[in-house]
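Undergrad: Provided below: model-v3.cif, containing mmCIF, C-alpha atoms and all ligand atoms.
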data_my_file
#
loop_
_atom_site.label_atom_id
_atom_site.label_comp_id
_atom_site.auth_asym_id
_atom_site.auth_seq_id
_atom_site.Cartn_x
_atom_site.Cartn_y
_atom_site.Cartn_z
CA MET U 673 43.33 128.73 84.62
CA VAL U 674 40.96 127.74 87.43
CA ASP U 675 38.34 130.08 88.87
CA GLU U 676 39.62 131.01 92.30
CA LEU U 677 39.35 133.68 95.01
CA ALA U 678 42.48 134.68 96.95
CA ARG U 679 42.66 136.84 100.10
CA ALA U 680 45.63 138.64 101.59
CA VAL U 681 46.39 140.80 104.62
CA THR U 682 49.56 142.86 104.93
CA ALA U 683 51.06 146.03 106.46
CA GLY U 684 50.34 144.85 110.01
CA GLY U 685 46.71 144.11 109.21
CA THR U 686 46.00 147.59 107.82
CA VAL U 687 45.73 146.42 104.21
CA ARG U 688 43.27 143.79 103.06
CA ALA U 689 42.99 142.56 99.49
CA PHE U 690 40.89 140.09 97.50
CA ALA U 691 41.37 138.93 93.92
CA VAL U 692 39.22 136.56 91.93
CA VAL U 693 39.41 134.85 88.55
CA THR U 694 35.92 134.15 87.20
CA THR U 695 36.50 133.36 83.50
CA ARG U 696 34.85 129.94 83.50
CA LEU U 697 31.87 130.80 85.63
CA VAL U 698 31.10 133.96 83.65
CA GLU U 699 31.27 131.92 80.44
CA GLU U 700 28.90 129.41 82.05
CA ALA U 701 26.52 132.26 82.97
CA ARG U 702 26.70 133.58 79.37
CA VAL U 703 25.73 130.17 77.97
CA ARG U 704 22.96 129.63 80.54
CA HIS U 705 21.35 133.03 79.99
CA GLY U 706 22.18 133.52 76.30
CA THR U 707 23.62 137.00 76.90
CA LEU U 708 24.96 139.28 74.16
CA PRO U 709 28.39 140.89 74.78
CA THR U 710 27.37 144.06 76.68
CA ALA U 711 24.99 142.04 78.86
CA THR U 712 27.69 139.37 79.30
CA ALA U 713 30.11 142.01 80.60
CA ALA U 714 27.47 143.48 82.91
CA LEU U 715 26.49 140.10 84.32
CA GLY U 716 30.13 138.99 84.59
CA ARG U 717 31.15 142.13 86.44
CA GLY U 718 28.18 141.71 88.77
CA LEU U 719 28.98 138.04 89.49
CA THR U 720 32.63 138.95 90.09
CA ALA U 721 31.67 141.77 92.48
CA GLY U 722 29.32 139.38 94.30
CA LEU U 723 32.12 136.90 94.90
CA LEU U 724 34.50 139.63 96.10
CA LEU U 725 31.95 140.93 98.62
CA GLY U 726 30.99 137.36 99.49
CA GLY U 727 34.64 136.76 100.35
CA MET U 728 34.31 139.32 103.16
CA LEU U 729 31.42 137.49 104.86
CA LYS U 730 31.32 135.02 107.73
CA THR U 731 30.14 131.43 107.27
CA GLY U 732 26.34 131.25 107.12
CA GLU U 733 25.94 134.74 105.68
CA ARG U 734 24.90 135.58 102.09
CA ILE U 735 25.05 138.75 100.10
CA SER U 736 22.86 139.92 97.26
CA LEU U 737 23.52 142.84 94.95
CA GLU U 738 20.86 144.41 92.80
CA PHE U 739 21.92 147.06 90.32
CA SER U 740 18.88 148.84 88.86
CA GLY U 741 19.03 151.56 86.25
CA ASP U 742 17.07 153.40 83.59
CA GLY U 743 19.19 151.97 80.72
CA PRO U 744 18.18 149.16 78.32
CA LEU U 745 19.63 146.37 80.52
CA ARG U 746 17.33 147.41 83.43
CA SER U 747 18.99 145.39 86.19
CA ILE U 748 21.62 142.92 87.36
CA LEU U 749 20.84 140.67 90.31
CA VAL U 750 23.45 138.39 91.88
CA ASP U 751 23.87 136.57 95.15
CA ALA U 752 26.94 134.96 96.63
CA THR U 753 28.17 133.03 99.65
CA PRO U 754 31.49 133.17 101.51
CA GLU U 755 32.08 129.62 100.21
CA GLY U 756 32.52 131.04 96.70
CA VAL U 757 29.19 130.07 95.15
CA VAL U 758 27.49 132.73 93.04
CA ARG U 759 24.44 132.96 90.79
CA GLY U 760 22.82 135.80 88.93
CA PHE U 761 20.97 137.19 85.94
CA VAL U 762 20.23 140.40 84.07
CA SER U 763 16.70 141.55 83.15
CA ARG U 764 17.47 141.94 79.43
CA PRO U 765 20.09 139.37 78.42
CA ARG U 766 19.95 140.38 74.74
CA THR U 767 21.26 143.90 75.47
CA HIS U 768 24.18 144.96 73.31
CA LEU U 769 25.38 148.54 72.74
CA PRO U 770 28.11 150.04 70.56
CA ALA U 771 31.49 150.03 72.33
CA ARG U 772 32.53 153.19 74.17
CA ASP U 773 36.26 154.05 74.28
CA GLY U 774 36.92 150.57 72.89
CA LYS U 775 35.14 148.93 75.84
CA LEU U 776 31.79 147.24 76.33
CA ASP U 777 29.46 149.98 77.51
CA VAL U 778 28.14 148.51 80.76
CA GLY U 779 27.52 151.98 82.24
CA GLY U 780 25.39 152.91 79.24
CA ALA U 781 23.48 149.64 79.42
CA LEU U 782 22.65 150.11 83.10
CA GLY U 783 22.12 153.89 83.03
CA ARG U 784 21.39 155.95 86.12
CA GLY U 785 20.01 154.21 89.16
CA ILE U 786 20.83 152.52 92.44
CA LEU U 787 22.74 149.63 93.94
CA CYS U 788 20.91 147.76 96.68
CA VAL U 789 23.03 145.42 98.79
CA MET U 790 21.42 142.97 101.19
CA ARG U 791 23.43 140.93 103.66
CA THR U 792 21.66 138.09 105.42
CA SER U 793 22.78 135.74 108.14
CA LEU U 794 21.23 132.64 109.67
CA GLU U 795 20.10 134.64 112.68
CA GLY U 796 19.14 138.30 112.91
CA ALA U 797 17.50 140.71 110.51
CA PRO U 798 18.97 141.26 107.06
CA TYR U 799 21.14 144.31 106.64
CA ARG U 800 20.11 146.42 103.65
CA SER U 801 21.94 149.33 102.12
CA ILE U 802 21.18 151.47 99.07
CA VAL U 803 23.62 153.76 97.28
CA PRO U 804 23.20 155.69 94.01
CA LEU U 805 25.14 154.31 91.04
CA VAL U 806 28.32 156.29 90.39
CA SER U 807 28.74 155.28 86.75
CA GLY U 808 26.99 151.93 86.35
CA GLU U 809 30.37 150.40 85.46
CA ILE U 810 30.05 148.20 88.61
CA GLY U 811 33.60 148.56 90.04
CA ASN U 812 33.30 152.13 91.30
CA ASP U 813 29.66 151.55 92.26
CA VAL U 814 30.81 148.77 94.61
CA ALA U 815 33.65 150.99 95.90
CA ARG U 816 31.04 153.63 96.74
CA TYR U 817 28.99 151.06 98.65
CA LEU U 818 32.05 149.91 100.63
CA LEU U 819 32.93 153.50 101.55
CA ASP U 820 29.40 154.73 102.36
CA SER U 821 27.98 151.65 104.04
CA GLU U 822 31.00 149.86 105.47
CA GLN U 823 33.22 152.94 105.98
CA THR U 824 36.09 151.12 104.26
CA PRO U 825 38.05 153.02 101.60
CA SER U 826 38.44 150.53 98.75
CA ALA U 827 39.69 150.32 95.20
CA VAL U 828 37.55 147.90 93.21
CA GLY U 829 38.27 146.59 89.73
CA VAL U 830 36.05 144.14 87.86
CA GLY U 831 36.31 143.25 84.21
CA VAL U 832 35.21 140.84 81.50
CA TYR U 833 36.92 140.37 78.15
CA VAL U 834 34.55 139.02 75.49
CA ASP U 835 36.11 137.73 72.25
CA ALA U 836 34.84 138.31 68.70
CA ASP U 837 32.65 135.17 68.90
CA GLY U 838 30.95 136.52 72.02
CA ARG U 839 32.69 134.04 74.33
CA VAL U 840 34.29 135.05 77.63
CA GLN U 841 38.05 134.95 77.30
CA ALA U 842 38.96 136.48 80.67
CA ALA U 843 37.03 137.69 83.69
CA GLY U 844 37.87 138.63 87.23
CA GLY U 845 38.45 141.42 89.67
CA TYR U 846 39.95 142.69 92.88
CA VAL U 847 39.25 144.76 95.99
CA VAL U 848 42.09 146.48 97.84
CA GLN U 849 41.23 148.14 101.17
CA THR U 850 42.92 150.21 103.84
CA MET U 851 41.72 149.33 107.31
CA PRO U 852 41.59 151.59 110.39
CA GLY U 853 45.09 152.54 111.58
CA ALA U 854 46.68 152.48 108.12
CA GLU U 855 49.63 154.89 107.70
CA PRO U 856 49.14 157.65 105.10
CA ALA U 857 52.20 156.32 103.25
CA THR U 858 50.54 152.88 103.06
CA ALA U 859 47.41 154.35 101.50
CA GLU U 860 49.52 156.34 99.01
CA GLN U 861 51.55 153.32 97.98
CA LEU U 862 48.37 151.28 97.44
CA GLU U 863 46.77 154.03 95.43
CA SER U 864 49.84 154.29 93.25
CA ASN U 865 49.94 150.49 92.72
CA VAL U 866 46.28 150.41 91.72
CA SER U 867 46.45 153.43 89.43
CA ARG U 868 49.48 151.98 87.58
CA SER U 869 47.92 148.53 87.28
CA ALA U 870 46.40 147.12 84.11
CA THR U 871 42.70 146.26 84.25
CA PRO U 872 41.67 142.93 85.85
CA SER U 873 40.79 141.35 82.51
CA GLU U 874 44.15 142.44 81.04
CA LEU U 875 46.02 140.92 84.00
CA ILE U 876 44.10 137.64 83.66
CA ARG U 877 44.55 137.56 79.88
CA ALA U 878 48.28 137.97 80.52
CA GLY U 879 48.15 134.72 82.52
CA LEU U 880 48.04 135.93 86.13
CA ASP U 881 46.04 133.81 88.54
CA ALA U 882 44.29 135.23 91.63
CA ARG U 883 47.41 135.00 93.85
CA ALA U 884 49.55 136.66 91.17
CA VAL U 885 47.03 139.50 90.80
CA LEU U 886 47.31 140.08 94.58
CA ALA U 887 51.12 140.00 94.46
CA HIS U 888 50.99 142.52 91.61
CA LEU U 889 48.66 144.89 93.47
CA LEU U 890 50.59 144.56 96.75
CA ALA U 891 54.04 145.10 95.18
CA GLY U 892 56.37 146.83 97.65
CA PHE U 893 54.50 145.53 100.72
CA PRO U 894 55.80 142.83 103.07
CA PRO U 895 54.84 139.33 101.88
CA ALA U 896 51.11 138.98 102.48
CA VAL U 897 49.21 136.16 104.10
CA VAL U 898 47.40 134.54 101.19
CA GLU U 899 44.69 131.93 101.22
CA ALA U 900 42.79 130.82 98.18
CA GLY U 901 39.77 128.71 97.35
CA PRO U 902 37.67 127.74 94.33
CA VAL U 903 34.65 129.74 93.16
CA ARG U 904 31.80 128.58 90.94
CA PHE U 905 28.39 129.36 89.49
CA GLY U 906 25.78 127.51 91.53
CA CYS U 907 22.07 127.73 92.14
CA HIS U 908 19.97 126.09 94.85
CA CYS U 909 16.81 125.71 92.76
CA SER U 910 15.32 122.19 92.62
CA ARG U 911 12.18 120.29 91.55
CA GLU U 912 11.00 120.44 95.17
CA ARG U 913 11.30 124.23 95.26
CA VAL U 914 9.54 124.51 91.91
CA GLY U 915 6.71 122.37 93.29
CA ALA U 916 6.49 124.54 96.39
CA ALA U 917 6.38 127.68 94.22
CA LEU U 918 3.52 126.21 92.15
CA VAL U 919 1.58 125.36 95.31
CA ALA U 920 2.22 128.90 96.59
CA MET U 921 0.43 130.25 93.47
CA GLY U 922 -2.74 128.97 95.04
CA ARG U 923 -5.24 126.19 94.47
CA ALA U 924 -7.27 128.02 91.83
CA GLU U 925 -4.23 128.88 89.71
CA LEU U 926 -3.00 125.28 89.85
CA ALA U 927 -6.43 124.02 88.83
CA ASP U 928 -6.37 126.50 85.91
CA VAL U 929 -3.02 125.16 84.69
CA LEU U 930 -4.37 121.59 84.91
CA ALA U 931 -7.52 122.51 82.99
CA GLY U 932 -5.50 124.38 80.34
CA ASP U 933 -1.97 123.30 79.34
CA ARG U 934 -2.01 120.29 81.70
CA GLN U 935 1.64 120.94 82.36
CA ALA U 936 3.73 123.80 83.65
CA GLU U 937 7.11 124.97 82.47
CA VAL U 938 9.05 126.82 85.13
CA ILE U 939 12.36 128.52 84.39
CA CYS U 940 14.65 129.51 87.25
CA GLU U 941 15.51 133.20 86.85
CA PHE U 942 18.92 132.82 88.44
CA CYS U 943 20.33 129.90 86.45
CA ALA U 944 17.88 129.47 83.53
CA GLN U 945 17.28 125.80 84.42
CA ARG U 946 13.98 124.61 82.89
CA TYR U 947 11.60 122.45 84.88
CA LEU U 948 8.71 120.75 83.15
CA VAL U 949 6.00 119.69 85.60
CA GLU U 950 3.71 117.09 83.99
CA GLU U 951 0.03 116.49 84.61
CA ALA U 952 0.43 113.66 87.15
CA GLU U 953 2.82 115.73 89.22
CA LEU U 954 0.50 118.75 89.04
CA ARG U 955 -2.39 116.58 90.27
CA ALA U 956 -0.26 115.40 93.17
CA LEU U 957 0.64 119.01 94.02
CA LEU U 958 -3.02 120.02 93.85
CA ALA U 959 -3.97 117.14 96.13
CA GLY U 960 -1.20 118.21 98.52
CA ALA U 961 -2.44 121.80 98.41
CA ASP U 962 -5.95 120.59 99.29
CA GLY U 963 -4.57 118.56 102.17
CA GLY U 964 -2.67 121.59 103.43
CA ALA U 965 -5.79 123.75 103.31
CA SER U 966 -7.90 121.34 105.35
CA GLN U 967 -5.41 120.93 108.17
ZN ZN N 1001 18.32 127.98 89.52
#
Rewrite the structure from the file as structure tokens, please.
TA:
Amino acid sequence: MVDELARAVTAGGTVRAFAVVTTRLVEEARVRHGTLPTATAALGRGLTAGLLLGGMLKTGERISLEFSGDGPLRSILVDATPEGVVRGFVSRPRTHLPARDGKLDVGGALGRGILCVMRTSLEGAPYRSIVPLVSGEIGNDVARYLLDSEQTPSAVGVGVYVDADGRVQAAGGYVVQTMPGAEPATAEQLESNVSRSATPSELIRAGLDARAVLAHLLAGFPPAVVEAGPVRFGCHCSRERVGAALVAMGRAELADVLAGDRQAEVICEFCAQRYLVEEAELRALLAGADGGASQ
């Protein structure tokens, strides 16, 4: 099944829903970061939530979510675009805890803390919002953010199923929202649909794609307008950006690296890509840094 995000609007525009399948991209993130199962689930839920919130943005905007807690995982940081590109990492990828109620204990791994959401656009100041974590299980933490900061009552489900080998077998999620003007009966019907629904990873394991998850959640409503598009893990790091970051360390630091290891290894936090910057390139950067200073 392909990774895809689907959107729907129904009930005269008073119900909005998003569903996303992220199995492949969460598996890619697991391999890149070398996460153990609890950390895989935490990262996967975070990436999935990022894509769902990203799906609500306008072109040119970005959203970043930082979950920070006092548990062993420490934090999850993801950012996503409305075009369906997401990247992210956790502070402690080797975190793994005993299962709780038969499920990977993401709430225990994250602990108590906060969710910080930052929305940026090409123009204007970034919009930042901080809410306390409800449970650290990600889904209801994001629902809290949507209610408190965007005043939109939402049901949010995100889930990752990790198999016995540690690989991601199913991942995805949904957001279902009532918009202003929704009838009480509409809200009740939605609530009933969501509460009777299986978890996102169960639905995806059963073979439902993003459109089918939406149809399942919106059962009993008039046929919804659905559009869908691909989603993927993607990072915008590059050799040029690595070079710029090395220059930004300062002339003295660069000179130290040249005098010592004579090369620099830089690892992108978001995607774990390794960049090895050799001596000749370091010398060129240093020369460039000198040039910049004398201008
Ligand atoms: Zn990267």
Undergrad: Could you list, with a cut-off of 12 Å and counting all atoms listed in the file, the residues of chain U near ligand ZN 1001 (chain N), each shown with its nearest atom pair and the distance in Å rounded to one decimal, rows sorted by chain and ascending number, as JSON lines?
TA:
{"residue": "U:Ala701", "atom": "CA", "partner": "N:ZN1001", "partner_atom": "ZN", "distance": 11.3}
{"residue": "U:Arg704", "atom": "CA", "partner": "N:ZN1001", "partner_atom": "ZN", "distance": 10.2}
{"residue": "U:His705", "atom": "CA", "partner": "N:ZN1001", "partner_atom": "ZN", "distance": 11.2}
{"residue": "U:Val750", "atom": "CA", "partner": "N:ZN1001", "partner_atom": "ZN", "distance": 11.8}
{"residue": "U:Asp751", "atom": "CA", "partner": "N:ZN1001", "partner_atom": "ZN", "distance": 11.7}
{"residue": "U:Val758", "atom": "CA", "partner": "N:ZN1001", "partner_atom": "ZN", "distance": 10.9}
{"residue": "U:Arg759", "atom": "CA", "partner": "N:ZN1001", "partner_atom": "ZN", "distance": 8.0}
{"residue": "U:Gly760", "atom": "CA", "partner": "N:ZN1001", "partner_atom": "ZN", "distance": 9.0}
{"residue": "U:Phe761", "atom": "CA", "partner": "N:ZN1001", "partner_atom": "ZN", "distance": 10.2}
{"residue": "U:Phe905", "atom": "CA", "partner": "N:ZN1001", "partner_atom": "ZN", "distance": 10.2}
{"residue": "U:Gly906", "atom": "CA", "partner": "N:ZN1001", "partner_atom": "ZN", "distance": 7.7}
{"residue": "U:Cys907", "atom": "CA", "partner": "N:ZN1001", "partner_atom": "ZN", "distance": 4.6}
{"residue": "U:His908", "atom": "CA", "partner": "N:ZN1001", "partner_atom": "ZN", "distance": 5.9}
{"residue": "U:Cys909", "atom": "CA", "partner": "N:ZN1001", "partner_atom": "ZN", "distance": 4.2}
{"residue": "U:Ser910", "atom": "CA", "partner": "N:ZN1001", "partner_atom": "ZN", "distance": 7.2}
{"residue": "U:Arg911", "atom": "CA", "partner": "N:ZN1001", "partner_atom": "ZN", "distance": 10.0}
{"residue": "U:Glu912", "atom": "CA", "partner": "N:ZN1001", "partner_atom": "ZN", "distance": 11.9}
{"residue": "U:Arg913", "atom": "CA", "partner": "N:ZN1001", "partner_atom": "ZN", "distance": 9.8}
{"residue": "U:Val914", "atom": "CA", "partner": "N:ZN1001", "partner_atom": "ZN", "distance": 9.7}
{"residue": "U:Val938", "atom": "CA", "partner": "N:ZN1001", "partner_atom": "ZN", "distance": 10.3}
{"residue": "U:Ile939", "atom": "CA", "partner": "N:ZN1001", "partner_atom": "ZN", "distance": 7.9}
{"residue": "U:Cys940", "atom": "CA", "partner": "N:ZN1001", "partner_atom": "ZN", "distance": 4.6}
{"residue": "U:Glu941", "atom": "CA", "partner": "N:ZN1001", "partner_atom": "ZN", "distance": 6.5}
{"residue": "U:Phe942", "atom": "CA", "partner": "N:ZN1001", "partner_atom": "ZN", "distance": 5.0}
{"residue": "U:Cys943", "atom": "CA", "partner": "N:ZN1001", "partner_atom": "ZN", "distance": 4.1}
{"residue": "U:Ala944", "atom": "CA", "partner": "N:ZN1001", "partner_atom": "ZN", "distance": 6.2}
{"residue": "U:Gln945", "atom": "CA", "partner": "N:ZN1001", "partner_atom": "ZN", "distance": 5.6}
{"residue": "U:Arg946", "atom": "CA", "partner": "N:ZN1001", "partner_atom": "ZN", "distance": 8.6}
{"residue": "U:Tyr947", "atom": "CA", "partner": "N:ZN1001", "partner_atom": "ZN", "distance": 9.9}
Undergrad: Do a neighbour search on range 882-884 of chain U at 8 Å with only C-alpha atoms, toss out local chain neighbours closer than 2 positions, and write the hits as a PDB file with C-alpha atoms, in the coordinates of the input.
TA:
ATOM      1  CA  GLU U 676      39.620 131.010  92.300  1.00  0.00           C
ATOM      2  CA  LEU U 677      39.350 133.680  95.010  1.00  0.00           C
ATOM      3  CA  ALA U 678      42.480 134.680  96.950  1.00  0.00           C
ATOM      4  CA  ALA U 691      41.370 138.930  93.920  1.00  0.00           C
ATOM      5  CA  VAL U 692      39.220 136.560  91.930  1.00  0.00           C
ATOM      6  CA  VAL U 693      39.410 134.850  88.550  1.00  0.00           C
ATOM      7  CA  LEU U 880      48.040 135.930  86.130  1.00  0.00           C
ATOM      8  CA  LEU U 886      47.310 140.080  94.580  1.00  0.00           C
ATOM      9  CA  ALA U 887      51.120 140.000  94.460  1.00  0.00           C
ATOM     10  CA  HIS U 888      50.990 142.520  91.610  1.00  0.00           C
ATOM     11  CA  VAL U 898      47.400 134.540 101.190  1.00  0.00           C
ATOM     12  CA  ALA U 900      42.790 130.820  98.180  1.00  0.00           C
TER      13      ALA U 900
END
Undergrad: Find the residue from U:Gly811, U:Gly845, U:Gly684, U:Gly785 that sits nearest to Leu724 in chain U; use all atoms listed in the file when measuring.
TA: U:Gly845
Undergrad: For Leu918 in chain U, work out the shell of residues within 10 Å, counting all atoms listed in the file and skipping chain neighbours fewer than 5 positions away, then give it as JSON, numbers by chain.
TA: {"U": [912, 913, 923, 925, 926, 929, 936, 938, 949, 954, 957, 958, 961]}
Undergrad: From the list U:Gly879, U:Leu715, U:Phe893, U:Thr871, which residue is nearest Thr767 in chain U when using all atoms listed in the file?
TA: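 Comparing U:Gly879, U:Leu715, U:Phe893, U:Thr871 against Thr767 in chain U, the winner is U:Leu715.
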Undergrad: Within 9 Å of Ser821 in chain U, counting all atoms listed in the file, which residues show up once you throw out same-chain ones fewer than 3 positions away? Write them as a VMD selection string, please.
TA: chain U and resid 801 to 803 816 to 818 824
Undergrad: Mind dumping the selected residues with C-alpha atoms as a PDB file, in the coordinates of the input?
TA:
ATOM      1  CA  SER U 801      21.940 149.330 102.120  1.00  0.00           C
ATOM      2  CA  ILE U 802      21.180 151.470  99.070  1.00  0.00           C
ATOM      3  CA  VAL U 803      23.620 153.760  97.280  1.00  0.00           C
ATOM      4  CA  ARG U 816      31.040 153.630  96.740  1.00  0.00           C
ATOM      5  CA  TYR U 817      28.990 151.060  98.650  1.00  0.00           C
ATOM      6  CA  LEU U 818      32.050 149.910 100.630  1.00  0.00           C
ATOM      7  CA  THR U 824      36.090 151.120 104.260  1.00  0.00           C
TER       8      THR U 824
END
Undergrad: Just the residues within 8 Å of Gly756 in chain U, please, counting all atoms listed in the file, with nothing from its chain fewer than 6 positions along; format it as a ChimeraX atom specification.
TA: /U:677,723,726-727,901-904
Undergrad: The selected residues should be written to file as a short mmCIF file (atom, residue, chain, number, x, y, z; two decimals), in the coordinates of the input (atoms: C-alpha atoms).
TA:
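result00.cif, written as the output of this step:
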data_model
loop_
_atom_site.label_atom_id
_atom_site.label_comp_id
_atom_site.auth_asym_id
_atom_site.auth_seq_id
_atom_site.Cartn_x
_atom_site.Cartn_y
_atom_site.Cartn_z
CA LEU U 677 39.35 133.68 95.01
CA LEU U 723 32.12 136.90 94.90
CA GLY U 726 30.99 137.36 99.49
CA GLY U 727 34.64 136.76 100.35
CA GLY U 901 39.77 128.71 97.35
CA PRO U 902 37.67 127.74 94.33
CA VAL U 903 34.65 129.74 93.16
CA ARG U 904 31.80 128.58 90.94
#
Undergrad: Rank nothing, just name the residue among U:Gly780, U:Pro765, U:Pro825, U:Pro872 nearest to Gln849 in chain U, using only C-alpha atoms.
TA: U:Pro825
